[in-house]
$ cat data-v2.cif   # mmCIF, C-alpha atoms
data_target
loop_
_atom_site.label_atom_id
_atom_site.label_comp_id
_atom_site.auth_asym_id
_atom_site.auth_seq_id
_atom_site.Cartn_x
_atom_site.Cartn_y
_atom_site.Cartn_z
CA MET A 1 0.00 0.00 0.00
CA ARG A 2 2.65 2.53 1.02
CA GLY A 3 4.46 2.05 -2.29
CA LEU A 4 1.53 3.60 -4.12
CA PHE A 5 1.90 6.82 -2.19
CA ASP A 6 5.72 6.94 -1.98
CA ASP A 7 6.11 9.37 -4.87
CA LEU A 8 3.74 11.83 -3.25
CA LEU A 9 5.40 11.52 0.16
CA ARG A 10 8.82 12.23 -1.39
CA ILE A 11 7.80 15.63 -2.79
CA ASP A 12 9.39 18.55 -0.90
CA GLY A 13 6.83 20.37 1.18
CA VAL A 14 4.31 17.49 1.39
CA LYS A 15 3.43 16.96 5.04
CA ALA A 16 0.83 14.21 4.89
CA VAL A 17 -0.96 11.95 2.46
CA MET A 18 -4.32 10.43 3.30
CA PHE A 19 -6.68 8.28 1.30
CA PHE A 20 -10.30 7.68 2.26
CA THR A 21 -13.15 5.64 0.89
CA LEU A 22 -16.09 7.76 -0.28
CA SER A 23 -17.86 6.96 2.98
CA GLY A 24 -14.95 8.36 5.00
CA GLN A 25 -13.11 5.20 6.06
CA PRO A 26 -9.36 5.94 6.19
CA VAL A 27 -7.47 3.54 3.91
CA PHE A 28 -4.03 5.12 4.19
CA GLU A 29 -2.49 7.96 6.18
CA GLU A 30 1.10 8.96 6.64
CA PHE A 31 2.66 12.13 8.01
CA THR A 32 6.17 12.89 6.79
CA MET A 33 7.15 14.88 9.87
CA GLY A 34 4.84 13.31 12.41
CA ARG A 35 1.50 14.74 13.46
CA THR A 36 1.62 18.42 14.28
CA ASN A 37 -1.80 18.56 15.89
CA ALA A 38 -4.37 16.32 17.50
CA ALA A 39 -6.57 16.13 14.41
CA SER A 40 -7.86 12.67 13.59
CA ALA A 41 -8.53 11.18 10.16
CA SER A 42 -12.21 12.03 10.55
CA ASP A 43 -11.34 15.72 11.05
CA TRP A 44 -9.46 15.74 7.76
CA PHE A 45 -12.27 13.87 6.03
CA ALA A 46 -14.79 16.42 7.36
CA LEU A 47 -12.87 19.13 5.55
CA ALA A 48 -12.84 17.10 2.32
CA ALA A 49 -16.57 16.46 2.72
CA CYS A 50 -17.23 20.25 2.65
CA LEU A 51 -16.09 20.27 -0.96
CA GLY A 52 -19.12 18.36 -2.19
CA LYS A 53 -18.56 16.51 -5.44
CA ALA A 54 -15.79 18.69 -6.85
CA LYS A 55 -13.32 16.44 -8.68
CA GLU A 56 -10.24 18.31 -7.65
CA THR A 57 -9.70 21.16 -5.24
CA GLU A 58 -6.66 23.07 -4.13
CA LEU A 59 -7.14 25.03 -0.93
CA VAL A 60 -4.73 27.70 0.23
CA PHE A 61 -4.98 28.55 3.92
CA GLU A 62 -3.02 31.12 5.91
CA LYS A 63 -0.54 28.49 7.10
CA GLY A 64 -0.63 25.69 4.55
CA ARG A 65 -2.17 24.12 1.48
CA ILE A 66 -4.38 21.14 0.92
CA TYR A 67 -4.93 19.27 -2.32
CA VAL A 68 -8.05 17.08 -2.50
CA ARG A 69 -8.94 14.77 -5.33
CA ARG A 70 -12.12 12.75 -5.54
CA SER A 71 -13.09 9.88 -7.82
CA ALA A 72 -15.18 6.71 -7.61
CA LYS A 73 -12.04 5.06 -6.21
CA GLY A 74 -11.92 7.28 -3.14
CA ILE A 75 -10.69 10.62 -1.86
CA LEU A 76 -7.03 11.62 -1.79
CA LEU A 77 -6.00 14.41 0.57
CA VAL A 78 -2.47 15.84 0.52
CA THR A 79 -1.40 18.49 3.02
CA MET A 80 1.51 20.75 2.18
CA GLY A 81 3.39 23.76 3.41
CA LEU A 82 2.78 27.12 1.80
CA ILE A 83 5.62 26.58 -0.63
CA ALA A 84 5.13 23.26 -2.36
CA PRO A 85 5.13 22.21 -6.03
CA THR A 86 1.39 21.65 -6.37
CA GLY A 87 1.77 21.04 -10.10
CA MET A 88 3.93 18.03 -9.26
CA VAL A 89 1.42 16.84 -6.65
CA ARG A 90 -1.35 16.98 -9.27
CA LEU A 91 0.73 15.14 -11.83
CA ILE A 92 1.68 12.34 -9.43
CA SER A 93 -1.93 12.09 -8.30
CA ASP A 94 -2.96 11.58 -11.94
CA ILE A 95 -0.56 8.64 -12.12
CA LEU A 96 -1.66 7.31 -8.73
CA PHE A 97 -5.36 7.32 -9.63
CA SER A 98 -4.68 5.56 -12.91
CA ARG A 99 -2.98 2.77 -10.91
CA LEU A 100 -5.79 2.32 -8.41
CA LYS A 101 -8.39 -0.30 -9.18
CA GLU A 102 -12.11 0.37 -9.09
CA PRO A 103 -13.68 -1.35 -6.08
CA LYS A 104 -15.44 -4.53 -7.22
CA PRO A 105 -19.06 -4.91 -6.19
CA VAL A 106 -19.31 -7.92 -3.88
CA ARG A 107 -22.21 -10.24 -4.51
CA GLY A 108 -23.94 -12.88 -2.48
CA ILE A 109 -23.27 -13.66 1.12
CA LYS A 110 -19.72 -12.25 0.93
CA ARG A 111 -21.08 -8.76 1.07
CA PHE A 112 -21.96 -9.24 4.72
CA PHE A 113 -18.35 -9.87 5.68
CA LYS A 114 -15.69 -7.29 6.21
CA ARG A 115 -12.90 -7.62 3.66
CA MET B 1 -25.38 29.16 -6.35
CA ILE B 2 -26.75 27.43 -3.24
CA ARG B 3 -30.52 26.92 -3.52
CA ASN B 4 -32.76 26.65 -0.50
CA VAL B 5 -35.31 23.86 -0.51
CA LEU B 6 -37.93 23.93 2.24
CA ILE B 7 -39.33 20.58 3.38
CA VAL B 8 -42.48 20.67 5.47
CA ASP B 9 -43.58 17.63 7.48
CA ASP B 10 -44.55 16.96 11.08
CA ASP B 11 -42.40 13.80 11.11
CA ARG B 12 -39.16 15.23 12.52
CA GLU B 13 -37.13 12.06 11.97
CA MET B 14 -38.11 11.87 8.34
CA LEU B 15 -37.19 15.54 7.91
CA LEU B 16 -33.73 15.00 9.37
CA ASP B 17 -33.20 11.91 7.24
CA LEU B 18 -34.28 13.71 4.05
CA GLN B 19 -32.12 16.71 4.91
CA GLU B 20 -29.02 14.58 5.36
CA ARG B 21 -29.56 12.46 2.26
CA LEU B 22 -30.48 15.32 -0.05
CA CYS B 23 -27.46 17.38 1.06
CA GLN B 24 -25.19 14.37 0.50
CA ARG B 25 -26.53 13.99 -3.03
CA ASP B 26 -26.28 17.61 -4.05
CA SER B 27 -23.92 20.02 -2.34
CA SER B 28 -25.60 22.97 -4.06
CA LEU B 29 -28.75 22.40 -1.99
CA ALA B 30 -29.47 23.79 1.46
CA VAL B 31 -32.42 22.02 3.04
CA LEU B 32 -34.60 24.04 5.41
CA MET B 33 -37.16 22.27 7.60
CA ALA B 34 -40.57 23.18 8.97
CA GLY B 35 -43.00 21.13 11.05
CA ASN B 36 -46.24 22.65 9.71
CA GLY B 37 -47.62 25.30 7.37
CA ILE B 38 -47.18 28.20 9.82
CA GLU B 39 -43.52 27.37 10.41
CA ALA B 40 -43.10 27.05 6.65
CA LEU B 41 -44.51 30.55 6.07
CA GLU B 42 -42.10 31.95 8.69
CA SER B 43 -39.26 30.27 6.86
CA LEU B 44 -40.46 31.67 3.53
CA ARG B 45 -40.45 35.16 5.06
CA SER B 46 -36.87 34.88 6.25
CA HIS B 47 -35.21 32.90 3.43
CA ASP B 48 -35.08 32.97 -0.35
CA VAL B 49 -36.59 29.58 -1.08
CA SER B 50 -36.40 27.96 -4.53
CA LEU B 51 -38.66 24.96 -3.92
CA VAL B 52 -41.10 23.68 -1.29
CA VAL B 53 -41.83 20.02 -0.59
CA THR B 54 -44.79 19.55 1.75
CA ASP B 55 -46.79 16.81 3.38
CA LEU B 56 -50.57 17.24 3.31
CA LYS B 57 -51.68 16.14 6.78
CA MET B 58 -50.05 18.28 9.47
CA PRO B 59 -51.19 20.01 12.63
CA VAL B 60 -51.76 23.82 12.92
CA MET B 61 -51.76 24.46 9.17
CA ASP B 62 -51.89 21.55 6.72
CA GLY B 63 -50.34 21.29 3.28
CA GLN B 64 -53.52 22.37 1.52
CA GLY B 65 -53.60 25.60 3.58
CA LEU B 66 -49.92 26.23 2.92
CA LEU B 67 -50.42 25.70 -0.83
CA SER B 68 -53.30 28.13 -0.84
CA VAL B 69 -51.30 30.91 0.92
CA MET B 70 -48.29 30.25 -1.28
CA MET B 71 -50.34 30.63 -4.46
CA GLN B 72 -51.32 34.13 -3.28
CA HIS B 73 -47.93 35.34 -2.03
CA TYR B 74 -45.21 33.03 -3.40
CA ALA B 75 -46.78 31.69 -6.59
CA ASP B 76 -43.40 31.60 -8.33
CA ILE B 77 -42.06 28.94 -5.91
CA PRO B 78 -42.92 25.42 -7.13
CA VAL B 79 -44.52 23.10 -4.57
CA ILE B 80 -44.22 19.31 -4.48
CA VAL B 81 -46.97 17.71 -2.41
CA MET B 82 -46.39 14.33 -0.75
CA THR B 83 -49.18 12.35 0.83
CA GLY B 84 -49.95 8.87 2.02
CA PHE B 85 -53.66 9.39 1.39
CA GLY B 86 -53.63 10.31 -2.28
CA THR B 87 -56.27 9.47 -4.85
CA PRO B 88 -56.34 10.45 -8.53
CA GLU B 89 -59.12 12.89 -7.66
CA LYS B 90 -57.02 14.47 -4.90
CA GLU B 91 -54.06 14.74 -7.25
CA ARG B 92 -56.17 16.51 -9.88
CA GLN B 93 -57.47 18.92 -7.26
CA LEU B 94 -53.99 19.71 -5.88
CA ARG B 95 -52.62 20.33 -9.34
CA ALA B 96 -55.55 22.63 -10.07
CA ASP B 97 -54.76 24.45 -6.80
CA GLY B 98 -51.20 25.10 -7.98
CA ALA B 99 -49.08 22.11 -6.90
CA ALA B 100 -46.25 21.52 -9.39
CA GLU B 101 -45.89 17.82 -8.55
CA PHE B 102 -47.67 15.19 -6.53
CA LEU B 103 -45.89 12.22 -4.93
CA ALA B 104 -47.56 9.34 -3.14
CA LYS B 105 -45.94 8.27 0.15
CA PRO B 106 -43.77 6.39 0.86
CA VAL B 107 -41.54 8.49 -1.39
CA SER B 108 -38.14 7.10 -2.35
CA ILE B 109 -35.24 9.52 -2.05
CA ASP B 110 -34.40 8.88 -5.73
CA GLN B 111 -37.89 9.79 -6.84
CA LEU B 112 -37.95 12.95 -4.72
CA ALA B 113 -34.45 14.04 -5.74
CA ARG B 114 -35.36 13.50 -9.41
CA GLN B 115 -38.52 15.60 -9.19
CA MET B 116 -36.69 18.31 -7.28
CA ALA B 117 -33.92 18.40 -9.89
CA VAL B 118 -36.47 18.71 -12.71
CA LEU B 119 -38.21 21.67 -11.05
CA LEU B 120 -34.98 23.39 -9.99
CA ASN B 121 -33.43 22.96 -13.44
CA GLN B 122 -36.53 24.50 -15.02
CA GLN B 123 -35.77 27.70 -13.14
CA SER B 124 -32.64 28.24 -15.23
CA GLU B 125 -33.63 26.37 -18.41
CA GLY B 126 -33.34 29.55 -20.50
CA GLY B 127 -29.80 30.23 -19.26
CA ILE B 128 -27.92 32.10 -16.57
CA LEU B 129 -26.17 35.43 -17.00
CA HIS B 130 -23.79 37.16 -14.63
CA HIS B 131 -23.13 40.86 -14.41
CA VAL B 132 -25.82 42.23 -16.60
CA SER B 133 -27.78 45.42 -16.36
CA SER B 134 -31.29 44.34 -15.41
CA ALA B 135 -32.92 47.24 -17.31
CA THR B 136 -31.27 46.38 -20.62
CA PHE B 137 -32.02 42.67 -20.39
CA LEU B 138 -35.64 43.17 -19.35
CA GLN B 139 -36.27 45.52 -22.25
CA LEU B 140 -35.16 42.70 -24.56
CA ILE B 141 -37.77 40.44 -22.97
CA GLU B 142 -40.41 43.10 -23.59
CA MET B 143 -39.32 43.50 -27.21
CA ASP B 144 -39.40 39.73 -27.75
CA GLN B 145 -42.86 39.57 -26.13
CA LYS B 146 -41.55 36.65 -24.12
CA THR B 147 -43.48 34.74 -21.45
CA CYS B 148 -40.98 33.86 -18.75
CA THR B 149 -39.96 34.05 -15.12
CA VAL B 150 -36.71 35.91 -14.39
CA ARG B 151 -34.92 35.26 -11.09
CA LEU B 152 -32.42 37.95 -10.27
CA GLU B 153 -29.74 38.36 -7.63
CA HIS B 154 -28.34 41.79 -6.88
CA MET B 155 -24.56 41.45 -7.08
CA ARG B 156 -23.89 44.07 -4.41
CA SER B 157 -26.36 43.09 -1.69
CA GLY B 158 -27.03 39.42 -2.54
CA ARG B 159 -30.80 40.11 -2.42
CA ARG B 160 -32.98 38.07 -4.73
CA GLY B 161 -36.11 38.97 -6.64
CA ILE B 162 -38.47 37.50 -9.23
CA LEU B 163 -40.09 39.14 -12.24
CA SER B 164 -42.93 37.44 -14.12
CA PHE B 165 -43.51 38.35 -17.76
CA VAL B 166 -46.49 37.33 -19.89
CA ARG B 167 -46.07 38.02 -23.61
CA GLY B 168 -43.47 40.70 -22.83
CA GLU B 169 -45.61 42.47 -20.25
CA LEU B 170 -44.40 42.63 -16.64
CA PHE B 171 -47.24 41.02 -14.69
CA ASP B 172 -45.75 40.70 -11.23
CA ALA B 173 -42.63 41.07 -9.12
CA ARG B 174 -41.60 39.75 -5.73
CA VAL B 175 -38.75 40.53 -3.33
CA GLY B 176 -39.24 38.48 -0.17
CA GLU B 177 -42.75 39.32 0.98
CA VAL B 178 -43.07 42.49 -1.12
CA LEU B 179 -45.16 42.00 -4.23
CA GLY B 180 -46.19 44.00 -7.29
CA LEU B 181 -45.12 47.54 -8.08
CA ASN B 182 -42.98 48.15 -4.99
CA ALA B 183 -41.04 44.95 -5.59
CA ALA B 184 -40.62 45.89 -9.27
CA TYR B 185 -39.12 49.28 -8.35
CA GLN B 186 -36.65 47.58 -6.00
CA ILE B 187 -35.55 45.02 -8.59
CA LEU B 188 -35.37 47.45 -11.50
CA GLY B 189 -33.14 49.68 -9.37
CA TRP B 190 -30.48 46.97 -9.15
CA GLU B 191 -27.76 47.93 -11.60
CA SER B 192 -25.67 44.78 -11.82
CA VAL B 193 -27.38 41.41 -11.41
CA SER B 194 -26.99 37.69 -11.99
CA LEU B 195 -30.14 36.29 -13.52
CA SER B 196 -31.64 33.01 -14.60
CA LEU B 197 -34.44 32.54 -17.06
CA GLN B 198 -37.36 30.11 -16.94
CA ASN B 199 -39.29 29.85 -20.19
CA SER B 200 -42.69 29.78 -18.54
CA CYS B 201 -44.66 31.81 -16.06
CA VAL B 202 -47.27 30.61 -13.58
CA ILE B 203 -48.54 34.11 -12.79
CA ARG B 204 -51.80 34.94 -14.55
CA ASN B 205 -52.90 37.98 -12.54
CA ASN B 206 -51.42 41.33 -13.64
CA ARG B 207 -50.51 43.27 -10.50
CA ILE B 208 -48.33 45.85 -12.27
CA ARG B 209 -50.36 47.24 -15.19
CA LYS B 210 -47.61 49.59 -16.34
CA ASN B 211 -45.19 49.58 -19.24
CA LEU B 212 -41.63 48.60 -18.48
CA CYS B 213 -39.94 51.79 -19.69
CA PRO B 214 -41.63 54.21 -17.24
CA LEU B 215 -41.08 51.64 -14.49
CA ILE B 216 -37.36 51.55 -15.22
CA LEU B 217 -37.16 55.36 -15.25
CA GLU B 218 -39.02 55.62 -11.96
CA ALA B 219 -36.81 52.91 -10.40
CA ALA B 220 -33.70 54.82 -11.53
CA ARG B 221 -35.11 58.06 -10.07
CA ARG B 222 -35.81 56.35 -6.73
CA ARG B 223 -32.36 54.81 -6.69
CA ASP B 224 -30.66 58.14 -7.44
CA GLU B 225 -32.60 59.93 -4.74
CA THR B 226 -31.89 57.34 -2.08
CA PRO B 227 -28.53 57.86 -0.39
CA PRO B 228 -26.36 54.79 -0.92
CA PRO B 229 -26.03 52.54 2.12
CA PRO B 230 -22.66 52.82 3.86
CA ASP B 231 -20.23 50.24 2.53
CA LYS B 232 -19.64 48.00 5.53
CA ARG B 233 -17.32 45.65 3.71
CA PRO B 234 -14.11 45.01 5.60
CA PRO B 235 -10.87 45.36 3.70
CA ARG B 236 -9.91 42.21 1.84
CA ALA B 237 -7.66 39.87 3.73
CA SER B 238 -3.94 40.12 3.15
CA MET B 239 -4.10 40.48 -0.59
CA ALA B 240 -2.50 43.44 -2.20
CA VAL B 241 -4.40 42.73 -5.38
CA ALA B 242 -7.75 44.15 -4.36
CA GLU B 243 -6.41 47.37 -2.92
CA ASP B 244 -4.21 47.97 -5.96
CA SER B 245 -6.72 47.05 -8.58
CA GLY B 246 -9.80 48.61 -7.02
CA GLU B 247 -12.89 46.75 -5.99
CA SER B 248 -14.75 46.58 -9.24
CA LEU B 249 -14.94 43.24 -10.97
CA ALA B 250 -14.23 44.75 -14.36
CA GLN B 251 -11.08 46.35 -13.00
CA PHE B 252 -10.13 43.09 -11.37
CA ARG B 253 -10.45 41.25 -14.67
CA ILE B 254 -8.42 43.92 -16.44
CA TRP B 255 -5.77 43.57 -13.75
CA ILE B 256 -5.55 39.78 -14.26
CA GLU B 257 -5.33 40.21 -18.04
CA LYS B 258 -2.62 42.81 -17.60
CA GLU B 259 -0.64 40.49 -15.34
CA LEU B 260 -1.02 37.32 -17.41
CA GLY B 261 -1.90 38.54 -20.89
CA ALA B 262 -5.27 38.92 -22.61
CA ASP B 263 -5.29 35.25 -23.60
CA CYS B 264 -5.01 34.04 -19.99
CA GLY B 265 -8.20 31.98 -20.06
CA VAL B 266 -10.36 34.10 -17.76
CA GLU B 267 -13.97 33.56 -18.84
CA ASP B 268 -15.79 35.49 -16.16
CA VAL B 269 -15.29 37.26 -12.86
CA PHE B 270 -18.28 37.50 -10.58
CA GLU B 271 -19.32 37.83 -7.00
CA ASP B 272 -21.27 34.96 -5.52
CA PRO B 273 -22.62 35.19 -1.97
CA SER B 274 -23.77 31.57 -2.21
CA TRP B 275 -20.19 30.54 -1.36
CA ASN B 276 -20.49 32.14 2.09
CA ASP B 277 -21.46 28.96 3.88
CA ARG B 278 -18.83 26.73 2.30
CA VAL B 279 -16.00 29.25 2.74
CA GLU B 280 -16.97 29.69 6.39
CA ARG B 281 -17.00 25.92 6.99
CA LEU B 282 -13.65 25.46 5.24
CA SER B 283 -12.15 28.30 7.28
CA ARG B 284 -13.49 26.77 10.47
CA HIS B 285 -11.96 23.40 9.58
CA GLY B 286 -8.71 25.16 8.61
CA GLU B 287 -8.52 26.80 12.02
CA GLN B 288 -9.25 23.50 13.79
CA LEU B 289 -6.50 21.84 11.78
CA ASN B 290 -4.06 24.63 12.63
CA LEU B 291 -3.94 25.89 9.05
CA GLY B 292 -5.66 29.22 9.61
CA ARG B 293 -8.45 30.65 7.50
CA LEU B 294 -9.06 29.98 3.81
CA VAL B 295 -7.24 32.40 1.54
CA LEU B 296 -7.86 30.98 -1.92
CA ALA B 297 -9.39 27.90 -3.54
CA TRP B 298 -9.26 26.32 -6.97
CA GLU B 299 -12.09 23.96 -7.83
CA THR B 300 -12.38 21.59 -10.78
CA ARG B 301 -15.87 20.20 -11.26
CA GLY B 302 -15.32 18.54 -14.61
CA GLU B 303 -17.12 21.36 -16.44
CA SER B 304 -15.70 23.47 -19.26
CA CYS B 305 -14.45 25.98 -16.67
CA ASP B 306 -12.64 25.70 -13.37
CA TYR B 307 -13.37 28.16 -10.59
CA ILE B 308 -11.07 30.15 -8.35
CA VAL B 309 -12.65 31.45 -5.17
CA ARG B 310 -11.20 34.44 -3.36
CA PRO B 311 -12.88 34.81 0.01
CA GLY B 312 -13.97 38.31 0.84
CA VAL B 313 -17.16 40.28 1.29
CA PRO B 314 -18.64 39.16 -1.03
CA HIS B 315 -16.57 36.25 -2.32
CA MET B 316 -15.12 36.76 -5.77
CA ILE B 317 -15.21 33.90 -8.26
CA VAL B 318 -13.02 33.71 -11.36
CA ALA B 319 -14.14 31.21 -14.00
CA VAL B 320 -11.20 30.06 -16.11
CA ASN B 321 -10.89 27.79 -19.13
CA PRO B 322 -8.13 25.17 -19.59
CA LYS B 323 -5.83 27.76 -21.22
CA CYS B 324 -5.36 29.50 -17.88
CA PRO B 325 -1.83 29.32 -16.43
CA ARG B 326 -2.99 27.92 -13.11
CA GLU B 327 0.16 28.25 -10.98
CA GLN B 328 0.83 31.81 -12.13
CA LEU B 329 -2.71 32.98 -11.49
CA MET B 330 -2.87 31.36 -8.06
CA GLN B 331 0.44 32.99 -7.19
CA ARG B 332 -0.72 36.42 -8.36
CA LEU B 333 -3.90 36.08 -6.32
CA GLY B 334 -1.93 35.39 -3.17
CA GLY B 335 -1.89 31.59 -3.12
#

$ encode --input "data-v2.cif" --output "structure tokens"
Amino acid sequence: MRGLFDDLLRIDGVKAVMFFTLSGQPVFEEFTMGRTNAASASDWFALAACLGKAKETELVFEKGRIYVRRSAKGILLVTMGLIAPTGMVRLISDILFSRLKEPKPVRGIKRFFKR
Amino acid sequence: MIRNVLIVDDDREMLLDLQERLCQRDSSLAVLMAGNGIEALESLRSHDVSLVVTDLKMPVMDGQGLLSVMMQHYADIPVIVMTGFGTPEKERQLRADGAAEFLAKPVSIDQLARQMAVLLNQQSEGGILHHVSSATFLQLIEMDQKTCTVRLEHMRSGRRGILSFVRGELFDARVGEVLGLNAAYQILGWESVSLSLQNSCVIRNNRIRKNLCPLILEAARRRDETPPPPDKRPPRASMAVAEDSGESLAQFRIWIEKELGADCGVEDVFEDPSWNDRVERLSRHGEQLNLGRLVLAWETRGESCDYIVRPGVPHMIVAVNPKCPREQLMQRLGG
């Protein structure tokens, strides 16, 4: 799993990479410099949820940037410092999403079991 | 633009469930709730509502009573009636009384969302224009002898109004609770508006009975004689751009084109108070996450244009096409 997100985590200025299912379950989260606040994955997802169904959003705050990308495969959230190559983050996210597989619908009794 | 939908039902749990599910489906909707007809009328007085969905059987004032009052004072707002006790006869009667749609309970969320989308989309089926002079556009409607409903939003104050035209003649106007001539003078006095056009009009009663041209002149006279309200807008946050380029949108666009060249992909620059809620929520989350308040946002919705949002009072939106040099523009705007 981590290998998928390595390229994003290596970009200068990227502080954290998180990936959620559309319902808000965290699938992956890693902070490059450790957590700087007590925020949980659900706090970050709540911010992404404010964006509605926008496919891609770049948010610039007073003290940092966030890049959010949404598709049927899930929601990617990348936090960055104020100076970060967001063009590179977008490009690597393009590649990342093309590598991710669509979730397969589970049929029959299997759907009642957690995978 | 965020559109307010008012749902009226005495079943509180169902209201909360509908509110949550409808908002999840469509982020451009704000769902207001009322437990009976009287509460609904209070809500209509205090909000600009685009659509009402009401149950029939309720205490205090039922759906039939609400529909009847709405047809007198808010006839331009479509009403969907839901009931568990419907008959074809009842449906015919409700439609004759002014209901736009009739749904038999239990109503599936898909069915309701579909009907709501149809009615809301009708309100802008003829197109949406930003930054137009209301007087000029309305004179075109008169010349074309068009039957239509025009929904306008004053760019400066964010107030909304409705004008109803039948064969080019202004039949009625509404701003909040104000109807007829007084509402028409208010709306016609708005210089720069965003407007959407519906190619039909439910109003059949002419409350205005005056030609458009003298109305426009009188509205201009009233506007000129009224001292302008003090501009209470705070200075824009930490961005040199606004102070240097002036506050006007046209100047702002010229400034961008000067910075990045005329072919920089800017399609439109407009103010949109409907972003207030989302910007406030994002800023609140930003503060909780130790990032501070929102300064700038770029949104890609998969449409022909992307949108840049610059929070302020009001928020300024720049619509850009794919030619726009994204990094450069974000940098110039303070991002």

$ atom_distance --input "data-v2.cif" --atom1 "atom CA of B:Gln328" --atom2 "atom CA of B:Ile128"
29.1 Å

$ resolve_selection --input "data-v2.cif" --expression "the PyMOL selection byres ((chain A) within 7 of (chain B))" --output "list in words"
Ala39, Leu47, Cys50, Gly52, Ala54, Lys55, Glu56, Thr57, Glu58, Leu59, Val60, Phe61, Glu62, Lys63 and Gly64 of chain A

$ atom_distance --input "data-v2.cif" --atom1 "atom CA of A:Phe19" --atom2 "atom CA of A:Thr86"
17.4 Å

$ atom_distance --input "data-v2.cif" --atom1 "atom CA of B:Leu103" --atom2 "atom CA of B:Cys201"
22.6 Å

$ residues_around --input "data-v2.cif" --residues "stretch 134-146 of chain B" --least-positions-apart "2" --cutoff "9 Å" --atoms "all atoms listed in the file" --output "list in words"
His131, Val132, Cys148, Val150, Leu152, Phe165, Val166, Arg167, Gly168, Glu169, Leu170, Ile187, Leu188, Gly189, Trp190, Glu191, Ser192, Val193, Ser194, Leu195, Asn199, Ser200, Leu212, Cys213 and Ile216 of chain B

$ write_last_selection --input "data-v2.cif" --atoms "C-alpha atoms" --output "PDB file, keeping the file's coordinate frame"
ATOM      1  CA  HIS B 131     -23.130  40.860 -14.410  1.00  0.00           C
ATOM      2  CA  VAL B 132     -25.820  42.230 -16.600  1.00  0.00           C
ATOM      3  CA  CYS B 148     -40.980  33.860 -18.750  1.00  0.00           C
ATOM      4  CA  VAL B 150     -36.710  35.910 -14.390  1.00  0.00           C
ATOM      5  CA  LEU B 152     -32.420  37.950 -10.270  1.00  0.00           C
ATOM      6  CA  PHE B 165     -43.510  38.350 -17.760  1.00  0.00           C
ATOM      7  CA  VAL B 166     -46.490  37.330 -19.890  1.00  0.00           C
ATOM      8  CA  ARG B 167     -46.070  38.020 -23.610  1.00  0.00           C
ATOM      9  CA  GLY B 168     -43.470  40.700 -22.830  1.00  0.00           C
ATOM     10  CA  GLU B 169     -45.610  42.470 -20.250  1.00  0.00           C
ATOM     11  CA  LEU B 170     -44.400  42.630 -16.640  1.00  0.00           C
ATOM     12  CA  ILE B 187     -35.550  45.020  -8.590  1.00  0.00           C
ATOM     13  CA  LEU B 188     -35.370  47.450 -11.500  1.00  0.00           C
ATOM     14  CA  GLY B 189     -33.140  49.680  -9.370  1.00  0.00           C
ATOM     15  CA  TRP B 190     -30.480  46.970  -9.150  1.00  0.00           C
ATOM     16  CA  GLU B 191     -27.760  47.930 -11.600  1.00  0.00           C
ATOM     17  CA  SER B 192     -25.670  44.780 -11.820  1.00  0.00           C
ATOM     18  CA  VAL B 193     -27.380  41.410 -11.410  1.00  0.00           C
ATOM     19  CA  SER B 194     -26.990  37.690 -11.990  1.00  0.00           C
ATOM     20  CA  LEU B 195     -30.140  36.290 -13.520  1.00  0.00           C
ATOM     21  CA  ASN B 199     -39.290  29.850 -20.190  1.00  0.00           C
ATOM     22  CA  SER B 200     -42.690  29.780 -18.540  1.00  0.00           C
ATOM     23  CA  LEU B 212     -41.630  48.600 -18.480  1.00  0.00           C
ATOM     24  CA  CYS B 213     -39.940  51.790 -19.690  1.00  0.00           C
ATOM     25  CA  ILE B 216     -37.360  51.550 -15.220  1.00  0.00           C
TER      26      ILE B 216
END

$ closest_atom_pairs --input "data-v2.cif" --of "stretch 95-190 of chain B" --to "stretch 37-55 of chain B" --cutoff "12 Å" --atoms "all atoms listed in the file" --output "Markdown table"
| residue | atom | partner | partner_atom | distance |
| --- | --- | --- | --- | --- |
| B:Ala99 | CA | B:Val53 | CA | 9.8 |
| B:Ala100 | CA | B:Val52 | CA | 9.8 |
| B:Glu101 | CA | B:Val53 | CA | 9.2 |
| B:Phe102 | CA | B:Val53 | CA | 9.6 |
| B:Leu103 | CA | B:Asp55 | CA | 9.5 |
| B:Ala104 | CA | B:Asp55 | CA | 9.9 |
| B:Lys105 | CA | B:Asp55 | CA | 9.2 |
| B:Pro106 | CA | B:Asp55 | CA | 11.1 |
| B:Val107 | CA | B:Asp55 | CA | 10.9 |
| B:Leu112 | CA | B:Val53 | CA | 9.1 |
| B:Ala113 | CA | B:Val53 | CA | 10.8 |
| B:Gln115 | CA | B:Val53 | CA | 10.2 |
| B:Met116 | CA | B:Leu51 | CA | 7.7 |
| B:Ala117 | CA | B:Leu51 | CA | 10.1 |
| B:Val118 | CA | B:Leu51 | CA | 11.0 |
| B:Leu119 | CA | B:Leu51 | CA | 7.9 |
| B:Leu120 | CA | B:Ser50 | CA | 7.3 |
| B:Asn121 | CA | B:Ser50 | CA | 10.6 |
| B:Gln122 | CA | B:Ser50 | CA | 11.0 |
| B:Gln123 | CA | B:Ser50 | CA | 8.6 |
| B:Ser124 | CA | B:Ser50 | CA | 11.3 |
| B:Arg151 | CA | B:Ser50 | CA | 9.9 |
| B:Leu152 | CA | B:Asp48 | CA | 11.4 |
| B:Glu153 | CA | B:Asp48 | CA | 10.5 |
| B:Gly158 | CA | B:Asp48 | CA | 10.5 |
| B:Arg159 | CA | B:Asp48 | CA | 8.6 |
| B:Arg160 | CA | B:Asp48 | CA | 7.0 |
| B:Gly161 | CA | B:Asp48 | CA | 8.8 |
| B:Ile162 | CA | B:Asp48 | CA | 10.5 |
| B:Arg174 | CA | B:Asp48 | CA | 10.8 |
| B:Val175 | CA | B:Asp48 | CA | 8.9 |
| B:Gly176 | CA | B:Arg45 | CA | 6.3 |
| B:Glu177 | CA | B:Arg45 | CA | 6.3 |
| B:Val178 | CA | B:Arg45 | CA | 9.9 |
